[in-house]
Structure formats: C-alpha cells, structure tokens
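A.B. asks: Provided below: work35.cif, containing mmCIF, C-alpha atoms.
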```
data_target
loop_
_atom_site.label_atom_id
_atom_site.label_comp_id
_atom_site.auth_asym_id
_atom_site.auth_seq_id
_atom_site.Cartn_x
_atom_site.Cartn_y
_atom_site.Cartn_z
CA MET W 1 0.00 0.00 0.00
CA PRO W 2 1.44 3.43 -0.92
CA LEU W 3 2.79 5.42 2.02
CA ASP W 4 1.27 8.65 3.24
CA PRO W 5 3.61 11.40 1.94
CA TYR W 6 2.87 13.58 4.99
CA GLU W 7 4.07 10.78 7.27
CA VAL W 8 7.15 10.17 5.12
CA LEU W 9 8.24 13.82 5.33
CA GLY W 10 7.02 14.20 8.90
CA VAL W 11 4.86 17.27 8.29
CA ALA W 12 1.26 18.15 9.05
CA LYS W 13 -1.36 18.55 6.33
CA ALA W 14 -1.48 22.26 7.13
CA ALA W 15 2.28 22.65 6.51
CA SER W 16 3.35 25.51 4.24
CA GLU W 17 5.37 25.10 1.03
CA ASP W 18 8.51 26.24 2.83
CA GLU W 19 7.94 23.78 5.68
CA ILE W 20 7.43 20.92 3.21
CA LYS W 21 10.55 21.86 1.25
CA LYS W 22 12.60 22.15 4.45
CA ALA W 23 11.40 18.74 5.67
CA TYR W 24 12.15 17.19 2.27
CA ARG W 25 15.68 18.54 2.18
CA GLY W 26 16.38 17.34 5.71
CA LYS W 27 15.11 13.82 4.98
CA ALA W 28 16.88 13.67 1.63
CA ARG W 29 20.17 14.58 3.25
CA GLN W 30 19.61 12.05 6.01
CA PHE W 31 19.00 9.09 3.68
CA HIS W 32 21.13 10.11 0.70
CA PRO W 33 23.17 7.14 -0.63
CA ASP W 34 26.40 9.13 -0.51
CA ARG W 35 25.94 9.40 3.24
CA ASN W 36 24.83 5.80 3.61
CA PRO W 37 26.94 3.75 1.18
CA GLY W 38 25.68 0.18 0.83
CA ASP W 39 22.70 0.75 3.14
CA LYS W 40 19.66 -0.66 1.33
CA THR W 41 17.28 0.62 4.00
CA ALA W 42 18.53 4.17 3.56
CA GLU W 43 18.27 3.79 -0.22
CA SER W 44 14.65 2.69 0.14
CA LYS W 45 13.90 5.58 2.50
CA PHE W 46 15.50 7.99 0.04
CA LYS W 47 13.15 6.76 -2.70
CA GLU W 48 10.17 7.17 -0.38
CA VAL W 49 11.21 10.76 0.35
CA GLN W 50 11.42 11.52 -3.38
CA ASP W 51 7.98 9.95 -3.97
CA ALA W 52 6.48 11.97 -1.13
CA TYR W 53 7.92 15.26 -2.35
CA GLU W 54 6.83 14.47 -5.91
CA ILE W 55 3.29 14.74 -4.56
CA LEU W 56 3.50 17.40 -1.84
CA GLY W 57 5.91 19.64 -3.74
CA ASP W 58 3.39 20.11 -6.57
CA LYS W 59 0.31 22.19 -5.76
CA ASP W 60 -2.01 20.32 -8.13
CA LYS W 61 -0.87 16.87 -7.06
CA LYS W 62 -1.02 17.86 -3.39
CA ALA W 63 -4.57 19.14 -3.77
CA LYS W 64 -5.55 15.93 -5.58
CA PHE W 65 -3.99 13.80 -2.86
CA ASP W 66 -5.66 15.82 -0.09
CA GLN W 67 -9.04 15.18 -1.74
CA PHE W 68 -8.75 11.59 -2.95
CA GLY W 69 -5.67 10.11 -1.31
CA HIS W 70 -3.55 7.85 -3.49
CA GLN W 71 -6.57 6.81 -5.60
CA ASP W 72 -7.08 9.28 -8.45
CA PRO W 73 -10.69 8.85 -9.72
CA ASN W 74 -9.63 10.01 -13.21
CA ASN W 75 -6.76 7.54 -13.42
CA PRO W 76 -7.35 4.71 -10.92
CA PHE W 77 -4.37 2.68 -12.10
CA GLY W 78 -1.85 5.53 -12.63
CA GLY W 79 1.22 5.28 -14.78
CA GLY W 80 3.36 2.34 -13.71
CA GLY W 81 2.10 2.48 -10.13
CA ASN W 82 2.23 6.27 -9.78
CA PRO W 83 -1.34 7.67 -9.70
CA PHE W 84 -0.07 11.21 -10.14
CA GLY W 85 1.38 10.64 -13.61
CA GLY W 86 4.73 11.52 -15.01
CA GLY W 87 7.10 9.01 -13.45
CA GLY W 88 6.23 5.84 -15.35
CA GLY W 89 8.11 2.62 -14.78
CA GLY W 90 8.62 3.34 -11.09
CA ASN W 91 10.57 6.57 -11.67
CA PRO W 92 9.09 9.08 -9.18
CA PHE W 93 10.69 12.04 -10.91
CA GLY W 94 9.08 11.92 -14.38
CA GLN W 95 8.13 15.40 -15.49
CA GLY W 96 7.28 16.42 -11.95
CA ASN W 97 8.35 19.02 -9.44
CA ILE W 98 11.79 17.78 -8.33
CA ASN W 99 14.65 19.81 -9.78
CA MET W 100 17.58 17.53 -10.60
CA GLU W 101 20.09 20.38 -10.67
CA ASP W 102 19.00 21.47 -7.19
CA LEU W 103 19.52 17.92 -5.93
CA ALA W 104 22.89 17.68 -7.62
CA GLN W 105 24.02 20.94 -6.01
CA MET W 106 22.57 19.92 -2.64
CA PHE W 107 24.37 16.59 -2.46
CA GLY W 108 27.41 17.19 -4.64
CA GLY W 109 26.36 14.57 -7.22
CA ALA W 110 25.93 14.73 -10.96
CA GLY W 111 22.69 16.20 -12.27
CA GLY W 112 20.50 14.26 -14.70
CA GLY W 113 18.57 11.05 -14.30
CA GLY W 114 20.57 8.71 -16.47
CA GLY W 115 23.99 8.56 -14.84
CA GLY W 116 25.78 11.91 -15.35
CA GLY W 117 29.47 12.62 -15.11
CA GLY W 118 31.56 13.69 -12.15
CA GLY W 119 32.48 11.78 -9.02
CA GLY W 120 29.26 12.23 -7.04
CA PHE W 121 26.12 10.15 -6.59
CA SER W 122 24.42 9.08 -9.84
CA PHE W 123 20.63 9.29 -9.89
CA GLY W 124 20.64 6.99 -12.91
CA ASP W 125 22.36 4.25 -10.89
CA LEU W 126 19.75 4.53 -8.16
CA PHE W 127 16.67 4.58 -10.36
CA GLY W 128 17.45 2.07 -13.08
CA GLY W 129 20.26 3.59 -15.12
CA LYS W 130 23.66 2.03 -15.80
CA LYS W 131 24.63 -0.83 -13.52
CA GLY W 132 27.94 -1.79 -12.06
CA ARG W 133 29.46 1.74 -11.90
CA ALA W 134 30.90 2.53 -8.49
CA THR W 135 29.93 5.91 -7.06
CA LYS W 136 32.39 7.98 -5.10
CA GLY W 137 31.32 10.84 -2.86
CA ARG W 138 33.10 14.14 -3.18
CA LYS W 139 35.16 15.21 -0.22
CA ALA W 140 33.41 17.96 1.68
CA PRO W 141 35.35 21.23 1.92
CA PRO W 142 36.90 21.88 5.34
CA GLN W 143 34.68 23.78 7.73
CA GLN W 144 35.82 27.23 8.82
CA GLN W 145 37.09 27.52 12.38
CA VAL W 146 36.29 30.32 14.82
CA ALA W 147 38.58 31.49 17.62
CA GLY W 148 38.84 34.49 19.93
CA LEU W 149 41.72 36.95 19.69
CA THR W 150 42.40 39.26 22.64
CA ILE W 151 44.38 42.42 21.84
CA ASP W 152 45.38 45.47 23.84
CA PHE W 153 43.50 48.77 23.65
CA LEU W 154 46.19 50.73 21.78
CA THR W 155 46.66 48.04 19.10
CA ALA W 156 42.91 48.11 18.46
CA ALA W 157 42.94 51.91 18.26
CA ASN W 158 46.07 52.39 16.15
CA GLY W 159 46.15 49.11 14.21
CA GLY W 160 49.18 46.84 13.92
CA LYS W 161 50.22 43.20 13.79
CA VAL W 162 49.68 40.46 16.33
CA GLY W 163 51.47 37.11 16.15
CA ILE W 164 49.49 33.94 16.85
CA SER W 165 50.19 30.21 16.63
CA VAL W 166 47.82 27.92 14.72
CA GLY W 167 48.46 24.19 14.45
CA GLY W 168 52.13 24.63 15.27
CA LYS W 169 52.77 27.44 12.77
CA ASN W 170 53.18 31.12 13.55
CA ILE W 171 51.25 33.67 11.55
CA ASP W 172 50.85 37.46 11.75
CA VAL W 173 47.39 38.92 12.01
CA LYS W 174 46.93 42.45 10.66
CA ILE W 175 44.70 44.48 12.98
CA PRO W 176 42.94 47.35 11.18
CA THR W 177 42.98 50.85 12.67
CA GLY W 178 39.97 51.32 14.93
CA ALA W 179 39.21 47.61 15.35
CA ALA W 180 36.06 47.19 17.43
CA GLU W 181 35.01 44.73 20.13
CA GLY W 182 33.46 41.64 18.51
CA GLN W 183 34.77 42.48 15.02
CA LYS W 184 35.63 39.37 12.97
CA LEU W 185 38.74 38.92 10.83
CA ARG W 186 38.93 36.19 8.19
CA MET W 187 42.25 34.42 7.67
CA GLY W 188 41.82 32.49 4.43
CA GLY W 189 43.16 28.93 4.56
CA GLN W 190 45.06 29.48 7.82
CA ALA W 191 43.22 26.97 10.02
CA GLU W 192 44.15 23.31 10.28
CA GLY W 193 43.31 21.34 7.16
CA GLY W 194 43.36 24.46 5.00
CA ALA W 195 40.08 25.83 6.36
CA ASP W 196 39.43 29.54 6.83
CA LEU W 197 40.15 30.87 10.31
CA ILE W 198 37.67 33.41 11.72
CA LEU W 199 39.10 35.52 14.55
CA GLU W 200 36.69 37.40 16.83
CA ILE W 201 38.38 40.40 18.44
CA HIS W 202 38.21 41.08 22.18
CA ILE W 203 39.83 44.29 23.46
CA GLU W 204 41.47 44.63 26.85
CA PRO W 205 40.46 47.79 28.77
CA HIS W 206 43.06 50.55 29.11
CA PRO W 207 44.05 51.88 32.54
CA TYR W 208 43.13 55.48 31.66
CA PHE W 209 41.84 55.80 28.06
CA ARG W 210 38.18 55.12 27.20
CA ARG W 211 36.60 54.89 23.77
CA GLN W 212 33.34 56.34 22.46
CA ASP W 213 33.03 55.39 18.80
CA ASN W 214 36.18 57.00 17.31
CA ASP W 215 36.66 59.49 20.14
CA ILE W 216 39.05 58.93 23.04
CA ILE W 217 38.19 60.07 26.57
CA LEU W 218 40.91 60.79 29.15
CA GLU W 219 39.94 61.71 32.69
CA CYS W 220 42.24 64.34 34.21
CA PRO W 221 42.06 64.93 37.99
CA LEU W 222 42.54 68.51 39.21
CA SER W 223 42.96 69.75 42.74
CA LEU W 224 40.49 72.25 44.17
CA VAL W 225 43.07 75.02 43.91
CA GLU W 226 43.98 74.10 40.30
CA ALA W 227 40.34 74.14 39.31
CA ALA W 228 39.72 77.46 41.03
CA LEU W 229 42.81 79.27 39.76
CA GLY W 230 43.28 77.47 36.45
CA THR W 231 46.29 75.41 35.45
CA SER W 232 48.10 73.60 32.63
CA VAL W 233 48.62 69.84 32.53
CA GLU W 234 50.58 67.70 30.06
CA VAL W 235 48.38 64.74 29.06
CA PRO W 236 49.07 61.59 26.97
CA SER W 237 47.46 60.62 23.65
CA ILE W 238 46.95 57.22 21.99
CA SER W 239 49.75 58.03 19.51
CA GLY W 240 52.26 58.23 22.37
CA SER W 241 52.78 61.98 22.16
CA ARG W 242 52.02 64.31 25.07
CA ILE W 243 50.00 67.52 24.76
CA LYS W 244 49.85 70.46 27.16
CA VAL W 245 46.24 71.31 28.01
CA LYS W 246 45.30 74.63 29.59
CA PHE W 247 42.37 74.57 32.05
CA PRO W 248 40.68 77.95 32.63
CA PRO W 249 39.99 79.28 36.17
CA GLY W 250 36.76 77.94 37.66
CA VAL W 251 36.61 74.81 35.50
CA SER W 252 34.08 72.26 36.80
CA SER W 253 34.08 68.48 37.10
CA GLY W 254 32.73 66.84 33.97
CA LYS W 255 33.92 69.62 31.68
CA ARG W 256 35.54 68.25 28.51
CA LEU W 257 38.26 69.98 26.53
CA ARG W 258 38.68 68.79 22.94
CA LEU W 259 41.98 67.89 21.31
CA LYS W 260 40.99 67.85 17.66
CA GLY W 261 42.12 64.96 15.49
CA LEU W 262 43.84 63.02 18.27
CA GLY W 263 41.25 60.23 18.42
CA ILE W 264 40.86 57.17 16.18
CA LYS W 265 40.85 57.88 12.43
CA ASP W 266 38.86 61.13 12.17
CA GLY W 267 37.91 61.17 15.86
CA ASP W 268 39.01 63.54 18.64
CA GLN W 269 40.44 63.16 22.12
CA TYR W 270 38.58 64.72 25.03
CA VAL W 271 40.16 65.57 28.37
CA GLU W 272 37.49 65.30 31.07
CA VAL W 273 37.93 67.23 34.31
CA LYS W 274 37.60 65.50 37.65
CA ILE W 275 38.06 67.78 40.68
CA ILE W 276 39.54 66.17 43.77
CA ALA W 277 38.58 68.17 46.88
CA PRO W 278 40.60 67.80 50.09
CA ALA W 279 38.95 66.93 53.40
CA VAL W 280 39.67 69.98 55.63
CA THR W 281 38.24 69.51 59.12
CA GLU W 282 40.16 71.89 61.40
CA GLY W 283 43.04 74.30 61.81
CA LYS W 284 44.26 77.21 59.76
CA ALA W 285 43.37 75.62 56.43
CA ARG W 286 39.72 75.37 57.42
CA GLU W 287 39.69 79.01 58.57
CA LEU W 288 41.18 80.10 55.26
CA LEU W 289 38.64 78.11 53.27
CA GLU W 290 35.77 79.56 55.27
CA GLU W 291 37.15 83.02 54.67
CA PHE W 292 37.53 82.19 50.98
CA GLY W 293 33.87 81.14 50.90
CA LYS W 294 32.81 84.45 52.38
CA LEU W 295 34.89 86.38 49.87
CA ASN W 296 33.67 84.27 46.94
CA PRO W 297 30.05 83.38 47.67
CA GLN W 298 28.77 80.71 45.29
CA ASP W 299 25.47 78.83 45.00
CA ALA W 300 26.61 75.56 43.42
CA ARG W 301 23.01 74.33 43.05
CA SER W 302 21.58 77.44 41.47
CA GLY W 303 19.12 76.73 38.70
CA LEU W 304 18.30 73.19 39.78
CA GLY W 305 14.62 72.42 40.07
CA TRP W 306 14.98 70.56 43.32
CA ALA W 307 17.31 73.03 45.15
#
```
Please re-express this file's structure in structure tokens.
C.D. replies:
Amino acid sequence: MPLDPYEVLGVAKAASEDEIKKAYRGKARQFHPDRNPGDKTAESKFKEVQDAYEILGDKDKKAKFDQFGHQDPNNPFGGGGNPFGGGGGGNPFGQGNINMEDLAQMFGGAGGGGGGGGGGFSFGDLFGGKKGRATKGRKAPPQQQVAGLTIDFLTAANGGKVGISVGGKNIDVKIPTGAAEGQKLRMGGQAEGGADLILEIHIEPHPYFRRQDNDIILECPLSLVEAALGTSVEVPSISGSRIKVKFPPGVSSGKRLRLKGLGIKDGDQYVEVKIIAPAVTEGKARELLEEFGKLNPQDARSGLGWA
C-alpha cells in the first residue's frame, strides 16, 4: 500500500510550502546514498522521500492527494504504479516538481537522471540507469574555524600586527585601525586542514583611556586650587605623544576639553575634568577656606529644580 507522503516527510497537512521543502531537504540529506553507502534501507527511504515530495511539492498533485488520497478517480491505475502521472516505470521524478540540478548541487552529485558525469552520486544508478558503476562521494570542503583573539586597547585603536600560533605554525594577524570589540577577521586557509580561520576580536580595557566610537576620553584629575585658579597639565594621547592642556579658572568636574584629530581615524580626544577636593576639618586651612567662601560666595546648586 502506498505510504502517506505527509508521514514520510514528517509534516502536518497544514504545513506551508517552505515547511514541506525544508522537511524534504532534511530527509533527503539524512538518507542520501552518498551518506549511507551500501545501506539498502537508507536507499529505500530515500526513494520514499522523493515519492512523497513528488506529490507534496506540486500544488495540483497535493490538492488531488488531499481530496482523494492515493486513488485518483480520473486515473485509478496511474502510470506504472504512480497515480499522479509523469514518473512511469517506477521513476518518481518523471516530469514532476523535483529539480535535478538542485539535488545535484545539494548533495554534490551529478545532475541528470541517467547517470551523469563527475564523481558524485548518480541518480541513474539509483533509479534504473547504468549498472555496475561505483559511485564515489566528493570530499566535503573543510569547515571554517572560529577562535577568539584578545588584543590590547592601543593596538585596536592604532592598528598593527599580532602574532598567533595555529596548528604549530606562527602567523601574523593584521589588525585594522579602529578595530572594534566583537569584530571578525577572516584568515583564508590558515586553520588546520586548509580551512578559513575566523578571529573574533576582544579588546582589553586601558588603565586610563576610554573609547566612544572613534573618540578617546581621558579623565584628568585637578585639585580644588587648580580648578579654582586654572592650570596647565601635560596629558598623553593614543599616539604616544604628550600635549599640554590649559584649564581655565573655575573649571568644573565633567567639563571636557577637545583635542581635535587626536582620536581614532577622524575622531578627537577629550580631556574630562575630575576635581579632587581635600577633606579639611580643622586648623588654619579650614579658617582660610571659610574666609575664601565668604569672599567668593557661590550657590553651586543654582538653577536646579529641586534646590
């Protein structure tokens, strides 16, 4: 008795075209002769999968099957055991819906139903073509390999080379300027077996530089007196040079001074002020600060809605 094509593909009757095609491809891969050499059961299952998709992959044949089952009232005996026409003589392909070139590309075999060329699986051998020809599966290409690569902050910002060891050989990895966290670099043919090596970048934090897109942020502490009177401080940059920055009198914490063009690529460097106030609890210093407050009255919370 013919098998139910829905059961063969493992899909519900309400399955969409995409769901049916996905199920067919999965089953076809599972039972393909190239993956199961000499396994008659797998070969039989593979034929069943093709028969099932011959029906469910064609809208008209699917509709006919949904209405009448395997018995077509207009052709009760079918063509060679196939009530849906086309594949006479037990060939489920016939003039139907299955694309031989798609199958050939999917499984690496030779397209065509009568035993095509190439070293892959021959559909002609399976469905009644030439006999006695051995089939040889093509060797699958090596799968790409993924690995993490941790680099320091300045190498990521400025670019450079990092040496790594893969399978006992040393190779240099070129890091592009402005490399970002999680960025992937492809090293063609550098993994074991000649596969591509995919390196995912991880960046170590810097002790004093921070990054915002292509801008660099450097926090610069100032004393209370420096902030009040103004001062100049020589600060570092990611290029290694040092730049003298002038802070005006009365500069506040959080204020940023821009150093144009000293960031990553077209970015800038910003020097962010952080005022460090001393703890003065007694003695002459406290008296002087209190006097200073009287001489320079200031409402630090002026303009705030909650003050």
A.B. asks: Give me the residues within 7 Å of W:Glu219 as a count of residues only, counting all atoms listed in the file and dropping any in the same chain fewer than 3 places off.
C.D. replies: 4
A.B. asks: May I have the residues within 12 Å of stretch 291-296 of chain W as a list of chain:residue names, using all atoms listed in the file and disregarding those fewer than 6 positions away in the same chain?
C.D. replies: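 These residues fall inside the cut-off: W:Val225, W:Ala228, W:Gly250, W:Lys284, W:Ala285.
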A.B. asks: Put those residues in a file: C-alpha atoms, as an mmCIF file, keeping the file's coordinate frame.
C.D. replies:
```cif
data_model
loop_
_atom_site.group_PDB
_atom_site.id
_atom_site.type_symbol
_atom_site.label_atom_id
_atom_site.label_comp_id
_atom_site.auth_asym_id
_atom_site.auth_seq_id
_atom_site.Cartn_x
_atom_site.Cartn_y
_atom_site.Cartn_z
ATOM 1 C CA VAL W 225 43.070 75.020 43.910
ATOM 2 C CA ALA W 228 39.720 77.460 41.030
ATOM 3 C CA GLY W 250 36.760 77.940 37.660
ATOM 4 C CA LYS W 284 44.260 77.210 59.760
ATOM 5 C CA ALA W 285 43.370 75.620 56.430
#
```
A.B. asks: Give me the residues within 9 Å of W:Glu192 as an NGL selection string, counting all atoms listed in the file and dropping any in the same chain fewer than 4 places off.
C.D. replies: :W and (142 or 145 or 166-167 or 196-197)
A.B. asks: How many Å separate atom CA of W:Leu199 from atom CA of W:Asp215?
C.D. replies: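 So the two atoms, atom CA of W:Leu199 and atom CA of W:Asp215, lie 24.7 Å apart.
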A.B. asks: Contacts of W:Pro249 at 12 Å or less, counting all atoms listed in the file, minus same-chain residues fewer than 3 places along, as a list of chain:residue names?
C.D. replies: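 My reading of the contact set: W:Leu222, W:Ser223, W:Leu224, W:Val225, W:Glu226, W:Ala227, W:Ala228, W:Leu229, W:Gly230, W:Thr231, W:Ser232, W:Lys246, W:Ser252.
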A.B. asks: Just how far from atom CA of W:Thr155 is atom CA of W:Lys244, in Å to one decimal?
C.D. replies: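 Straight-line distance from atom CA of W:Lys244 to atom CA of W:Thr155 works out to 24.0 Å.
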A.B. asks: Fewer than 4 positions away in the same chain doesn't count, so skip those; otherwise give me all residues within 9 Å of W:Ile164, counting all atoms listed in the file, as a list in words.
C.D. replies: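 What passes the distance filter is Leu149, Lys169, Asn170, Ile171, Asp172 and Val173 of chain W.
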A.B. asks: From the set W:Lys184, W:Arg301, W:Lys21, W:Lys265, which residue has the shortest atom-to-atom contact distance to W:Ala52, counting all atoms listed in the file?
C.D. replies: W:Lys21
A.B. asks: Atom CA of W:Pro278 and atom CA of W:His206, how far apart in Å?
C.D. replies: 27.3 Å
A.B. asks: Please enumerate the residues selected by the PyMOL selection byres ((chain W and resi 22-36) around 7) when evaluated against the supplied file, formatted as a count of residues only.
C.D. replies: 16
A.B. asks: Let me make sure I understand: among W:Arg210, W:Arg186, W:Lys161, W:Lys62, which one has the smallest atom-to-atom distance to W:Val146 if we use all atoms listed in the file?
C.D. replies: W:Arg186
A.B. asks: I'd like the residues picked by the PyMOL selection byres ((chain W and resi 66) around 12) written out as a PyMOL selection string, using the chain letters and numbers from the file.
C.D. replies: chain W and resi 4-6+12-14+55-56+58-65+67-72
A.B. asks: Grab all the atoms of stretch 196-200 of chain W that the file lists, wrap them in a box along x, y and z, add 6 Å per side, and give me centre plus edge lengths in Å (one decimal) as AutoDock Vina command-line options.
C.D. replies:
```
--center_x 38.4 --center_y 33.5 --center_z 11.8 --size_x 15.5 --size_y 19.9 --size_z 22.0
```
A.B. asks: Since I can't run it myself right now, could you work out what the PyMOL selection byres ((chain W and resi 208) around 10) selects here and report it as a list in words?
C.D. replies: Pro205, His206, Pro207, Phe209, Arg210, Ile217, Leu218, Glu219, Cys220 and Pro236 of chain W
A.B. asks: Please write the residues from the selection above to a file, keeping C-alpha atoms, as a CSV table (one decimal), in the frame of the given file.
C.D. replies:
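Listing of again19.csv after writing:
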```
chain,number,residue,atom,x,y,z
W,205,PRO,CA,40.5,47.8,28.8
W,206,HIS,CA,43.1,50.6,29.1
W,207,PRO,CA,44.0,51.9,32.5
W,209,PHE,CA,41.8,55.8,28.1
W,210,ARG,CA,38.2,55.1,27.2
W,217,ILE,CA,38.2,60.1,26.6
W,218,LEU,CA,40.9,60.8,29.2
W,219,GLU,CA,39.9,61.7,32.7
W,220,CYS,CA,42.2,64.3,34.2
W,236,PRO,CA,49.1,61.6,27.0
```
